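See below for protein_22.csv, which holds CSV, C-alpha atoms and all ligand atoms.
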```csv
chain,number,residue,atom,x,y,z
Z,1,MET,CA,-5.3,-11.8,14.4
Z,2,ASN,CA,-6.9,-8.7,15.8
Z,3,ASN,CA,-4.6,-6.7,18.0
Z,4,SER,CA,-6.0,-4.1,20.3
Z,5,ALA,CA,-2.6,-3.5,21.9
Z,6,TYR,CA,-1.5,-1.1,19.2
Z,7,GLN,CA,-1.4,2.6,20.2
Z,8,THR,CA,-1.3,4.1,16.7
Z,9,LEU,CA,-2.9,1.5,14.5
Z,10,GLY,CA,-6.2,-0.2,14.1
Z,11,PHE,CA,-5.8,-3.8,12.8
Z,12,GLU,CA,-8.8,-6.0,12.1
Z,13,SER,CA,-10.3,-8.7,9.9
Z,14,ILE,CA,-13.3,-7.1,8.1
Z,15,ALA,CA,-14.4,-10.0,5.9
Z,16,GLU,CA,-13.1,-13.5,5.2
Z,17,GLY,CA,-9.5,-13.1,4.0
Z,18,ILE,CA,-9.6,-9.3,4.1
Z,19,TYR,CA,-7.7,-7.3,6.7
Z,20,LEU,CA,-7.8,-3.6,7.4
Z,21,LEU,CA,-5.0,-1.5,8.8
Z,22,THR,CA,-6.0,2.0,10.0
Z,23,LEU,CA,-3.4,4.6,10.8
Z,24,ASN,CA,-5.0,5.9,13.9
Z,25,ARG,CA,-3.7,9.2,15.3
Z,26,PRO,CA,-6.4,11.5,14.0
Z,27,ALA,CA,-5.5,14.5,16.3
Z,28,SER,CA,-2.2,14.8,14.3
Z,29,LEU,CA,-3.8,13.8,11.0
Z,30,ASN,CA,-2.4,10.3,11.4
Z,31,ALA,CA,1.2,11.5,11.3
Z,32,LEU,CA,3.7,8.6,11.4
Z,33,ASN,CA,5.9,8.4,14.5
Z,34,SER,CA,8.5,5.9,15.5
Z,35,GLU,CA,5.8,3.9,17.4
Z,36,THR,CA,3.8,3.7,14.2
Z,37,PHE,CA,6.7,2.1,12.4
Z,38,LYS,CA,7.2,-0.5,15.1
Z,39,GLU,CA,3.6,-1.4,15.1
Z,40,LEU,CA,3.4,-1.4,11.3
Z,41,ALA,CA,6.3,-3.9,11.2
Z,42,HIS,CA,4.6,-6.1,13.7
Z,43,ALA,CA,1.2,-6.0,12.0
Z,44,LEU,CA,2.7,-6.7,8.6
Z,45,GLU,CA,4.6,-9.7,10.0
Z,46,GLN,CA,1.3,-11.1,11.2
Z,47,VAL,CA,-0.3,-10.6,7.8
Z,48,ALA,CA,2.7,-12.2,6.0
Z,49,GLY,CA,2.5,-15.2,8.4
Z,50,ASN,CA,-1.3,-15.7,8.0
Z,51,ASP,CA,-2.3,-18.2,5.2
Z,52,GLU,CA,-5.9,-17.1,5.4
Z,53,ALA,CA,-5.1,-13.4,4.5
Z,54,ARG,CA,-5.8,-12.6,0.8
Z,55,VAL,CA,-5.9,-8.8,0.7
Z,56,LEU,CA,-4.8,-6.0,2.9
Z,57,LEU,CA,-6.5,-2.5,2.9
Z,58,ILE,CA,-4.7,0.5,4.5
Z,59,THR,CA,-6.5,3.7,5.3
Z,60,GLY,CA,-6.4,6.7,7.8
Z,61,ALA,CA,-8.8,7.3,10.7
Z,62,GLY,CA,-11.2,10.1,10.3
Z,63,GLU,CA,-12.4,12.0,7.2
Z,64,LYS,CA,-9.6,14.5,6.8
Z,65,ALA,CA,-6.4,12.5,6.3
Z,66,PHE,CA,-4.9,9.3,5.2
Z,67,VAL,CA,-1.5,10.4,6.7
Z,68,ALA,CA,-0.2,14.0,6.8
Z,69,GLY,CA,3.4,12.9,6.8
Z,70,ALA,CA,6.0,11.9,9.3
Z,71,ASP,CA,5.4,13.4,12.7
Z,72,ILE,CA,7.1,16.8,12.5
Z,73,SER,CA,7.0,17.3,16.3
Z,74,GLU,CA,9.0,14.1,16.8
Z,75,MET,CA,11.5,14.9,14.0
Z,76,GLN,CA,12.1,18.6,14.9
Z,77,MET,CA,15.0,18.0,17.3
Z,78,MET,CA,16.4,14.8,15.9
Z,79,THR,CA,20.1,14.4,15.4
Z,80,ALA,CA,21.4,13.1,12.1
Z,81,VAL,CA,22.0,9.7,13.7
Z,82,GLU,CA,18.4,9.5,15.0
Z,83,ALA,CA,17.1,10.7,11.6
Z,84,MET,CA,19.0,7.9,9.9
Z,85,ALA,CA,17.7,5.3,12.3
Z,86,LEU,CA,14.1,6.5,11.7
Z,87,SER,CA,14.7,6.4,7.9
Z,88,GLN,CA,16.2,2.9,8.1
Z,89,ALA,CA,13.2,1.6,10.1
Z,90,ALA,CA,10.8,3.2,7.7
Z,91,LEU,CA,12.5,2.0,4.6
Z,92,LYS,CA,12.5,-1.5,6.0
Z,93,VAL,CA,8.8,-1.4,6.8
Z,94,PHE,CA,7.9,0.1,3.4
Z,95,ARG,CA,9.8,-2.7,1.7
Z,96,GLN,CA,8.2,-5.2,3.9
Z,97,LEU,CA,4.8,-3.8,2.8
Z,98,GLU,CA,5.8,-3.9,-0.9
Z,99,LEU,CA,6.9,-7.5,-0.6
Z,100,LEU,CA,3.9,-8.7,1.3
Z,101,PRO,CA,2.6,-11.9,-0.4
Z,102,ILE,CA,-0.9,-10.5,-0.9
Z,103,PRO,CA,-2.1,-7.4,-2.7
Z,104,VAL,CA,-2.3,-4.2,-0.6
Z,105,ILE,CA,-4.6,-1.4,-1.6
Z,106,ALA,CA,-4.2,2.1,-0.1
Z,107,LEU,CA,-7.5,3.9,0.6
Z,108,VAL,CA,-6.5,7.6,0.6
Z,109,ASN,CA,-9.3,9.4,2.3
Z,110,GLY,CA,-7.9,13.0,2.6
Z,111,TYR,CA,-4.4,14.5,3.0
Z,112,CYS,CA,-1.7,12.1,1.8
Z,113,LEU,CA,1.5,14.0,2.3
Z,114,GLY,CA,5.2,13.4,2.7
Z,115,GLY,CA,5.8,10.1,4.5
Z,116,GLY,CA,2.0,9.4,4.0
Z,117,CYS,CA,2.4,9.6,0.3
Z,118,GLU,CA,5.4,7.4,0.5
Z,119,LEU,CA,3.4,4.9,2.5
Z,120,ALA,CA,0.7,4.9,-0.1
Z,121,LEU,CA,3.3,4.4,-2.9
Z,122,ALA,CA,4.6,1.3,-1.1
Z,123,CYS,CA,1.1,-0.2,-1.5
Z,124,ASP,CA,0.2,-2.0,-4.7
Z,125,TRP,CA,-2.2,0.6,-5.8
Z,126,ILE,CA,-4.1,3.6,-4.5
Z,127,ILE,CA,-7.7,4.4,-4.6
Z,128,ALA,CA,-8.8,7.9,-3.4
Z,129,SER,CA,-11.7,9.8,-2.2
Z,130,GLU,CA,-12.7,13.0,-4.0
Z,131,ASN,CA,-11.2,15.1,-1.2
Z,132,ALA,CA,-7.8,13.4,-1.4
Z,133,VAL,CA,-4.7,15.7,-1.6
Z,134,PHE,CA,-1.3,14.3,-2.5
Z,135,GLY,CA,2.0,16.0,-2.0
Z,136,GLN,CA,5.7,15.7,-1.1
Z,137,PRO,CA,6.0,18.9,0.9
Z,138,GLU,CA,9.4,18.1,2.5
Z,139,VAL,CA,11.1,21.0,0.8
Z,140,ASN,CA,8.9,23.3,2.9
Z,141,LEU,CA,10.6,21.8,6.0
Z,142,GLY,CA,14.1,22.0,4.6
Z,143,ILE,CA,14.4,18.2,4.0
Z,144,THR,CA,14.2,15.8,1.1
Z,145,PRO,CA,11.7,12.9,1.0
Z,146,GLY,CA,13.4,10.1,3.0
Z,147,PHE,CA,11.1,7.1,2.8
Z,148,GLY,CA,11.5,6.2,-0.8
Z,149,GLY,CA,9.5,9.0,-2.4
Z,150,THR,CA,12.1,10.2,-4.9
Z,151,GLN,CA,12.3,6.7,-6.3
Z,152,ARG,CA,8.8,5.2,-6.1
Z,153,LEU,CA,7.0,8.3,-7.2
Z,154,SER,CA,9.3,8.7,-10.2
Z,155,ARG,CA,8.8,5.1,-11.1
Z,156,LEU,CA,5.0,5.4,-10.9
Z,157,ILE,CA,4.2,8.8,-12.6
Z,158,GLY,CA,7.5,9.5,-14.3
Z,159,PRO,CA,10.5,11.6,-13.3
Z,160,ALA,CA,9.2,14.9,-14.6
Z,161,ARG,CA,5.9,14.8,-12.7
Z,162,ALA,CA,7.7,13.5,-9.6
Z,163,MET,CA,10.3,16.2,-9.9
Z,164,GLU,CA,7.5,18.8,-10.1
Z,165,MET,CA,5.8,17.5,-7.0
Z,166,ILE,CA,9.0,17.1,-5.0
Z,167,VAL,CA,10.8,20.3,-5.8
Z,168,SER,CA,7.7,22.5,-5.6
Z,169,GLY,CA,6.0,20.7,-2.7
Z,170,ARG,CA,2.7,21.6,-4.3
Z,171,HIS,CA,-0.5,19.8,-3.5
Z,172,VAL,CA,-2.1,17.5,-6.2
Z,173,LYS,CA,-5.8,16.9,-5.9
Z,174,ALA,CA,-7.6,13.6,-6.6
Z,175,ASP,CA,-8.6,14.4,-10.2
Z,176,GLU,CA,-5.1,15.4,-11.2
Z,177,ALA,CA,-3.6,12.4,-9.3
Z,178,LEU,CA,-6.0,10.2,-11.4
Z,179,SER,CA,-5.0,11.8,-14.7
Z,180,TRP,CA,-1.3,11.3,-13.7
Z,181,GLY,CA,-1.8,7.6,-12.9
Z,182,LEU,CA,-0.9,8.1,-9.2
Z,183,VAL,CA,-4.3,6.7,-8.2
Z,184,ASN,CA,-6.3,4.0,-10.0
Z,185,HIS,CA,-9.8,5.3,-9.1
Z,186,VAL,CA,-11.5,8.2,-7.3
Z,187,TYR,CA,-14.8,7.7,-5.4
Z,188,PRO,CA,-17.0,9.8,-3.2
Z,189,GLN,CA,-15.6,9.5,0.3
Z,190,ASP,CA,-18.7,7.6,1.6
Z,191,ARG,CA,-18.1,4.9,-1.1
Z,192,LEU,CA,-14.4,4.4,-0.7
Z,193,MET,CA,-14.5,1.5,1.7
Z,194,GLN,CA,-17.3,-0.2,-0.1
Z,195,GLU,CA,-15.5,0.0,-3.4
Z,196,ALA,CA,-12.3,-1.3,-1.8
Z,197,LEU,CA,-14.2,-4.2,-0.3
Z,198,SER,CA,-15.8,-5.1,-3.6
Z,199,MET,CA,-12.4,-5.2,-5.3
Z,200,ALA,CA,-10.9,-7.2,-2.4
Z,201,GLU,CA,-13.8,-9.7,-2.6
Z,202,LEU,CA,-13.2,-10.1,-6.3
Z,203,ILE,CA,-9.5,-10.9,-5.6
Z,204,CYS,CA,-10.5,-13.4,-2.9
Z,205,GLN,CA,-12.3,-15.4,-5.5
Z,206,LYS,CA,-9.1,-15.9,-7.6
Z,207,GLY,CA,-6.4,-18.5,-7.1
Z,208,PRO,CA,-4.4,-17.3,-4.1
Z,209,LEU,CA,-1.1,-18.8,-5.4
Z,210,ALA,CA,-1.6,-17.2,-8.9
Z,211,VAL,CA,-2.4,-13.8,-7.2
Z,212,HIS,CA,0.7,-14.1,-5.0
Z,213,LEU,CA,3.0,-15.1,-7.9
Z,214,SER,CA,1.6,-12.4,-10.2
Z,215,LYS,CA,2.3,-9.8,-7.5
Z,216,GLN,CA,5.7,-11.1,-6.9
Z,217,ALA,CA,6.6,-11.1,-10.7
Z,218,ILE,CA,5.5,-7.5,-11.0
Z,219,VAL,CA,7.2,-6.2,-7.8
Z,220,ARG,CA,10.4,-8.2,-8.3
Z,221,GLY,CA,10.5,-7.7,-12.0
Z,222,ARG,CA,9.9,-4.0,-12.4
Z,223,ASP,CA,13.4,-2.9,-11.5
Z,224,LEU,CA,15.1,-5.5,-13.8
Z,225,GLU,CA,15.8,-5.4,-17.5
Z,226,LEU,CA,13.2,-7.1,-19.6
Z,227,ASP,CA,14.9,-10.5,-20.2
Z,228,SER,CA,15.6,-11.1,-16.5
Z,229,ALA,CA,12.1,-9.8,-15.5
Z,230,CYS,CA,10.4,-12.2,-18.0
Z,231,GLN,CA,12.4,-15.1,-16.5
Z,232,ILE,CA,10.7,-14.3,-13.1
Z,233,GLU,CA,7.3,-14.4,-14.9
Z,234,SER,CA,8.3,-17.7,-16.7
Z,235,GLN,CA,9.2,-19.3,-13.4
Z,236,ALA,CA,6.0,-18.1,-11.8
Z,237,PHE,CA,4.0,-19.5,-14.7
Z,238,GLY,CA,5.7,-22.8,-14.5
Z,239,LEU,CA,5.2,-23.0,-10.7
Z,240,CYS,CA,1.5,-22.6,-11.1
Z,241,PHE,CA,1.4,-25.9,-13.0
Z,242,SER,CA,2.6,-27.7,-9.8
Z,243,SER,CA,-0.5,-26.6,-8.0
Z,244,ASP,CA,-3.9,-28.1,-7.5
Z,245,ASP,CA,-5.4,-24.7,-8.2
Z,246,GLN,CA,-4.2,-24.7,-11.8
Z,247,LYS,CA,-5.8,-28.1,-12.4
Z,248,GLU,CA,-9.0,-27.0,-10.7
Z,249,GLY,CA,-9.1,-23.6,-12.5
Z,250,MET,CA,-8.8,-25.2,-16.0
Z,251,THR,CA,-11.0,-28.2,-15.2
Z,252,ALA,CA,-13.7,-25.9,-13.8
Z,253,PHE,CA,-13.6,-23.8,-17.0
Z,254,LEU,CA,-14.0,-26.8,-19.2
Z,255,GLU,CA,-16.8,-28.2,-17.0
Z,256,LYS,CA,-18.5,-24.8,-17.2
Z,257,ARG,CA,-18.5,-24.3,-13.4
Z,258,LYS,CA,-16.9,-21.9,-10.9
Z,259,PRO,CA,-13.5,-23.1,-9.6
Z,260,VAL,CA,-13.0,-23.9,-6.0
Z,261,PHE,CA,-9.5,-22.7,-5.2
Z,262,LYS,CA,-7.6,-23.9,-2.2
Z,263,GLY,CA,-4.3,-22.0,-2.5
Z,264,VAL,CA,-2.2,-25.1,-3.0
Z,301,LIG,N1,3.2,16.0,12.0
Z,301,LIG,C1,2.7,16.3,13.2
Z,301,LIG,N2,1.5,16.9,13.4
Z,301,LIG,C2,0.8,17.2,12.3
Z,301,LIG,C3,1.3,16.9,11.0
Z,301,LIG,C4,2.6,16.3,10.9
Z,301,LIG,N3,3.1,15.9,9.7
Z,301,LIG,N4,0.4,17.4,10.1
Z,301,LIG,C5,-0.6,17.9,10.8
Z,301,LIG,N5,-0.4,17.8,12.2
Z,301,LIG,C6,-1.2,18.3,13.3
Z,301,LIG,C7,-1.2,19.8,13.4
Z,301,LIG,O1,0.0,20.3,14.0
Z,301,LIG,C8,-2.4,20.1,14.1
Z,301,LIG,O2,-2.2,19.8,15.5
Z,301,LIG,P1,-2.8,20.7,16.6
Z,301,LIG,O3,-2.4,22.1,16.3
Z,301,LIG,O4,-4.3,20.6,16.5
Z,301,LIG,O5,-2.3,20.1,17.9
Z,301,LIG,C9,-3.4,19.0,13.6
Z,301,LIG,O6,-2.5,18.0,13.0
Z,301,LIG,C10,-4.3,19.4,12.5
Z,301,LIG,O7,-3.5,20.1,11.5
Z,301,LIG,P2,-3.8,21.6,11.0
Z,301,LIG,O8,-4.4,22.4,12.1
Z,301,LIG,O9,-2.6,22.1,10.4
Z,301,LIG,O10,-4.9,21.3,9.9
Z,301,LIG,P3,-5.2,22.1,8.6
Z,301,LIG,O11,-6.5,21.6,8.0
Z,301,LIG,O12,-5.1,23.6,8.8
Z,301,LIG,O13,-4.0,21.7,7.6
Z,301,LIG,C11,-2.4,20.2,6.5
Z,301,LIG,C12,-3.8,20.4,7.2
Z,301,LIG,C13,-2.2,18.7,6.3
Z,301,LIG,C14,-2.4,20.9,5.2
Z,301,LIG,C15,-1.3,20.7,7.5
Z,301,LIG,O14,-1.6,20.1,8.8
Z,301,LIG,C16,0.0,20.4,7.1
Z,301,LIG,O15,0.6,21.1,6.2
Z,301,LIG,N6,0.7,19.4,7.7
Z,301,LIG,C17,2.1,19.1,7.5
Z,301,LIG,C18,2.2,18.4,6.2
Z,301,LIG,C19,3.7,18.0,6.0
Z,301,LIG,O16,4.5,18.9,5.8
Z,301,LIG,N7,3.9,16.8,5.9
Z,301,LIG,C20,5.2,16.3,5.5
Z,301,LIG,C21,5.9,16.0,6.8
Z,301,LIG,S1,7.6,15.7,6.4
Z,301,LIG,C22,12.9,10.9,7.3
Z,301,LIG,C23,12.4,10.4,6.1
Z,301,LIG,C24,11.2,10.9,5.7
Z,301,LIG,C25,10.5,11.9,6.4
Z,301,LIG,C26,11.1,12.3,7.6
Z,301,LIG,C27,12.3,11.8,8.0
Z,301,LIG,N8,14.2,10.5,7.7
Z,301,LIG,C28,15.2,10.2,6.7
Z,301,LIG,C29,14.4,10.3,9.1
Z,301,LIG,C30,9.3,12.3,6.0
Z,301,LIG,C31,9.0,13.6,6.2
Z,301,LIG,C32,7.6,14.1,6.1
Z,301,LIG,O17,6.7,13.3,5.9
```

Would you encode the structure as C-alpha cells?
Ligand code: DAK
Amino acid sequence: MNNSAYQTLGFESIAEGIYLLTLNRPASLNALNSETFKELAHALEQVAGNDEARVLLITGAGEKAFVAGADISEMQMMTAVEAMALSQAALKVFRQLELLPIPVIALVNGYCLGGGCELALACDWIIASENAVFGQPEVNLGITPGFGGTQRLSRLIGPARAMEMIVSGRHVKADEALSWGLVNHVYPQDRLMQEALSMAELICQKGPLAVHLSKQAIVRGRDLELDSACQIESQAFGLCFSSDDQKEGMTAFLEKRKPVFKGV
C-alpha cells in the first residue's frame, strides 16, 4: 500500500495495521495545495479499501509545522469559481477522512493553522507536541475558514472559544489547546510519534469491528438528537452479536485468556 508516486505526501505502513500519512511540503510549512487534496483523496481511498488497516496517523514533515494552512500563493489569484472548486474538493476529502472506518489520530508537531487546523479537526482526535500552535488566521487574509473550521471547531471546543479563535485569528499554544479540549494530550516533540504508536498498538489489540462501529456511532450520531443517535448505537451494539469477535471476546474473558480477534 506504500505509494512513492505522491508529490506532496508520504504514505507508509509503519507497523502491522498502522499507517502513517505525512504532509510533506516542508519548504512551505506543509501548506495544502490542490495537488495535496487530490493525493489525500487517493491515499484515503486506499486506507478505506484495506481490510488490514486498523489505525491511521497523520502528521507534518519536519519539526516546525503540521500544516500552516492552505497554500496562500496558490490561492492569491483565484477566482470565486476556482475558490469554490477548491473548497468543494477539500470539504469532500475532510468528510472522507472523518468517515474513514478506522480511527485517525492527528499528530500536531508545530504550526497547525487555517486549513491545517481544519484538517486536524477532521481527524478523530489530536495529540500535540509542546511547540504546537493552533489558529484560524483566515481573517488576517480577508477570508473566512472554508474547510469546515467554523463548524467542527465550534462543536469540539464550544462556540465561544471557536468564535474567539476565528474572529481574532490569534494563536493558541499547546497548553491552552489542551485545557480547551482541542487536543487530547501534549508530549515533548521527540516523544510524539512513540506515544501515538503506543496508542495505535493498543487499538490494534481490540476487536476491529467493535472499533469501527464505535467510531461510526460517535461520528454519525453526534449531529443527531439523542433518541436517533442512540438508535445508531443500539444497531451497532446488536450488530456486534452477529460477529465471531463478540463470541471470542466474551469467551476469552470467561476463560481468563487474551482474545484473538479476527475482525469478523
Ligand atoms: N501558504 C504558502 N506558503 C506558506 C504558508 C502558507 N499557508 N505558510 C508559510 N508558508 C511559507 C512562507 O511563505 C515561507 O516561504 P519562503 O519565504 O521561505 O519561500 C516558508 O513557508 C516559511 O514560513 P515563514 O518564513 O513565514 O516562517 P515563520 O517561522 O517566520 O512563520 C508562520 C511561520 C506559520 C507563523 C507563518 O509562515 C504564517 O503566518 N503562515 C501563514 C499562516 C496562515 O495564514 N495560514 C492560513 C492560511 S489560510 C478555501 C477554504 C479554506 C481555505 C482557503 C480556501 N476555499 C473556500 C477555497 C483555508 C485558508 C487557509 O488556510

Point to revise | ligand LIG 301 (chain Z) neighbours within 6 Å using only C-alpha atoms and all ligand atoms, as a PyMOL selection string | key: chain Z and resi 27-29+31+68-73+83-84+86-87+111+113-115+137-138+145-147

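Taking only C-alpha atoms into account, Pro259 of chain Z lies nearest to Z:Gly207 out of the set Z:Gly10, Z:Gly148, Z:Gly207, Z:Gly238.
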
How close does segment 58-149 of chain Z get to segment 214-224 of chain Z? List, as CSV, each residue of segment 58-149 of chain Z within 9 Å, its nearest atom pair and the distance in Å to one decimal, counting only C-alpha atoms.
```
residue,atom,partner,partner_atom,distance
Z:Glu98,CA,Z:Val219,CA,7.4
Z:Leu99,CA,Z:Val219,CA,7.3
Z:Leu100,CA,Z:Gln216,CA,8.7
Z:Pro101,CA,Z:Gln216,CA,7.2
Z:Ile102,CA,Z:Lys215,CA,7.4
Z:Pro103,CA,Z:Lys215,CA,6.9
Z:Asp124,CA,Z:Lys215,CA,8.5
```

**Study point:** Residue nearest Gln246 of chain Z among Z:Lys262, Z:Arg54, Z:Arg170, Z:Lys64 (counting all atoms listed in the file)
**Key:** Z:Lys262

**Study point:** Polymer residues at most 8 Å from (-10.8, -19.6, -5.3) by only C-alpha atoms, as a PyMOL selection string
**Key:** chain Z and resi 204-208+245+259-263

Taking N, CA, C and O atoms as the atom set, what does segment 59-77 of chain Z look like once completed, written as an mmCIF file, in the frame of the given file?
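As a result, rebuild_19.cif now contains:
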```
data_model
loop_
_atom_site.group_PDB
_atom_site.id
_atom_site.type_symbol
_atom_site.label_atom_id
_atom_site.label_comp_id
_atom_site.auth_asym_id
_atom_site.auth_seq_id
_atom_site.Cartn_x
_atom_site.Cartn_y
_atom_site.Cartn_z
ATOM 1 N N THR Z 59 -5.838 2.405 5.422
ATOM 2 C CA THR Z 59 -6.500 3.700 5.300
ATOM 3 C C THR Z 59 -6.111 4.555 6.579
ATOM 4 O O THR Z 59 -5.356 4.102 7.446
ATOM 5 N N GLY Z 60 -6.632 5.772 6.623
ATOM 6 C CA GLY Z 60 -6.400 6.700 7.800
ATOM 7 C C GLY Z 60 -7.678 6.868 8.544
ATOM 8 O O GLY Z 60 -8.767 6.893 7.952
ATOM 9 N N ALA Z 61 -7.565 7.064 9.858
ATOM 10 C CA ALA Z 61 -8.800 7.300 10.700
ATOM 11 C C ALA Z 61 -9.302 8.699 10.417
ATOM 12 O O ALA Z 61 -8.544 9.635 10.150
ATOM 13 N N GLY Z 62 -10.609 8.832 10.481
ATOM 14 C CA GLY Z 62 -11.200 10.100 10.300
ATOM 15 C C GLY Z 62 -11.497 10.422 8.825
ATOM 16 O O GLY Z 62 -11.215 9.600 7.951
ATOM 17 N N GLU Z 63 -12.048 11.620 8.587
ATOM 18 C CA GLU Z 63 -12.400 12.000 7.200
ATOM 19 C C GLU Z 63 -11.517 12.986 6.580
ATOM 20 O O GLU Z 63 -11.756 13.455 5.475
ATOM 21 N N LYS Z 64 -10.462 13.354 7.316
ATOM 22 C CA LYS Z 64 -9.600 14.500 6.800
ATOM 23 C C LYS Z 64 -8.303 14.024 6.234
ATOM 24 O O LYS Z 64 -7.748 14.713 5.383
ATOM 25 N N ALA Z 65 -7.789 12.904 6.735
ATOM 26 C CA ALA Z 65 -6.400 12.500 6.300
ATOM 27 C C ALA Z 65 -6.249 11.038 6.188
ATOM 28 O O ALA Z 65 -6.794 10.270 6.996
ATOM 29 N N PHE Z 66 -5.456 10.663 5.194
ATOM 30 C CA PHE Z 66 -4.900 9.300 5.200
ATOM 31 C C PHE Z 66 -3.686 9.402 6.161
ATOM 32 O O PHE Z 66 -3.779 8.894 7.275
ATOM 33 N N VAL Z 67 -2.650 10.123 5.792
ATOM 34 C CA VAL Z 67 -1.500 10.400 6.700
ATOM 35 C C VAL Z 67 -0.888 11.719 6.221
ATOM 36 O O VAL Z 67 -0.525 11.859 5.053
ATOM 37 N N ALA Z 68 -0.771 12.672 7.161
ATOM 38 C CA ALA Z 68 -0.200 14.000 6.800
ATOM 39 C C ALA Z 68 1.297 14.043 6.910
ATOM 40 O O ALA Z 68 1.871 15.115 7.106
ATOM 41 N N GLY Z 69 1.938 12.881 6.825
ATOM 42 C CA GLY Z 69 3.400 12.900 6.800
ATOM 43 C C GLY Z 69 4.003 12.258 8.033
ATOM 44 O O GLY Z 69 3.294 11.773 8.919
ATOM 45 N N ALA Z 70 5.323 12.286 8.079
ATOM 46 C CA ALA Z 70 6.000 11.900 9.300
ATOM 47 C C ALA Z 70 5.713 12.934 10.362
ATOM 48 O O ALA Z 70 5.407 14.079 10.038
ATOM 49 N N ASP Z 71 5.795 12.509 11.629
ATOM 50 C CA ASP Z 71 5.400 13.400 12.700
ATOM 51 C C ASP Z 71 6.497 14.489 12.906
ATOM 52 O O ASP Z 71 7.609 14.212 13.350
ATOM 53 N N ILE Z 72 6.126 15.709 12.544
ATOM 54 C CA ILE Z 72 7.100 16.800 12.500
ATOM 55 C C ILE Z 72 7.545 17.128 13.981
ATOM 56 O O ILE Z 72 8.709 17.447 14.218
ATOM 57 N N SER Z 73 6.620 17.001 14.945
ATOM 58 C CA SER Z 73 7.000 17.300 16.300
ATOM 59 C C SER Z 73 8.061 16.336 16.841
ATOM 60 O O SER Z 73 8.954 16.698 17.608
ATOM 61 N N GLU Z 74 7.975 15.086 16.393
ATOM 62 C CA GLU Z 74 9.000 14.100 16.800
ATOM 63 C C GLU Z 74 10.313 14.329 16.100
ATOM 64 O O GLU Z 74 11.384 14.118 16.667
ATOM 65 N N MET Z 75 10.235 14.795 14.851
ATOM 66 C CA MET Z 75 11.500 14.900 14.000
ATOM 67 C C MET Z 75 12.236 16.214 14.347
ATOM 68 O O MET Z 75 13.443 16.275 14.097
ATOM 69 N N GLN Z 76 11.502 17.224 14.871
ATOM 70 C CA GLN Z 76 12.100 18.600 14.900
ATOM 71 C C GLN Z 76 13.485 18.627 15.508
ATOM 72 O O GLN Z 76 14.365 19.262 14.949
ATOM 73 N N MET Z 77 13.712 17.931 16.628
ATOM 74 C CA MET Z 77 15.000 18.000 17.300
ATOM 75 C C MET Z 77 15.898 16.820 17.092
ATOM 76 O O MET Z 77 16.867 16.607 17.812
#
```
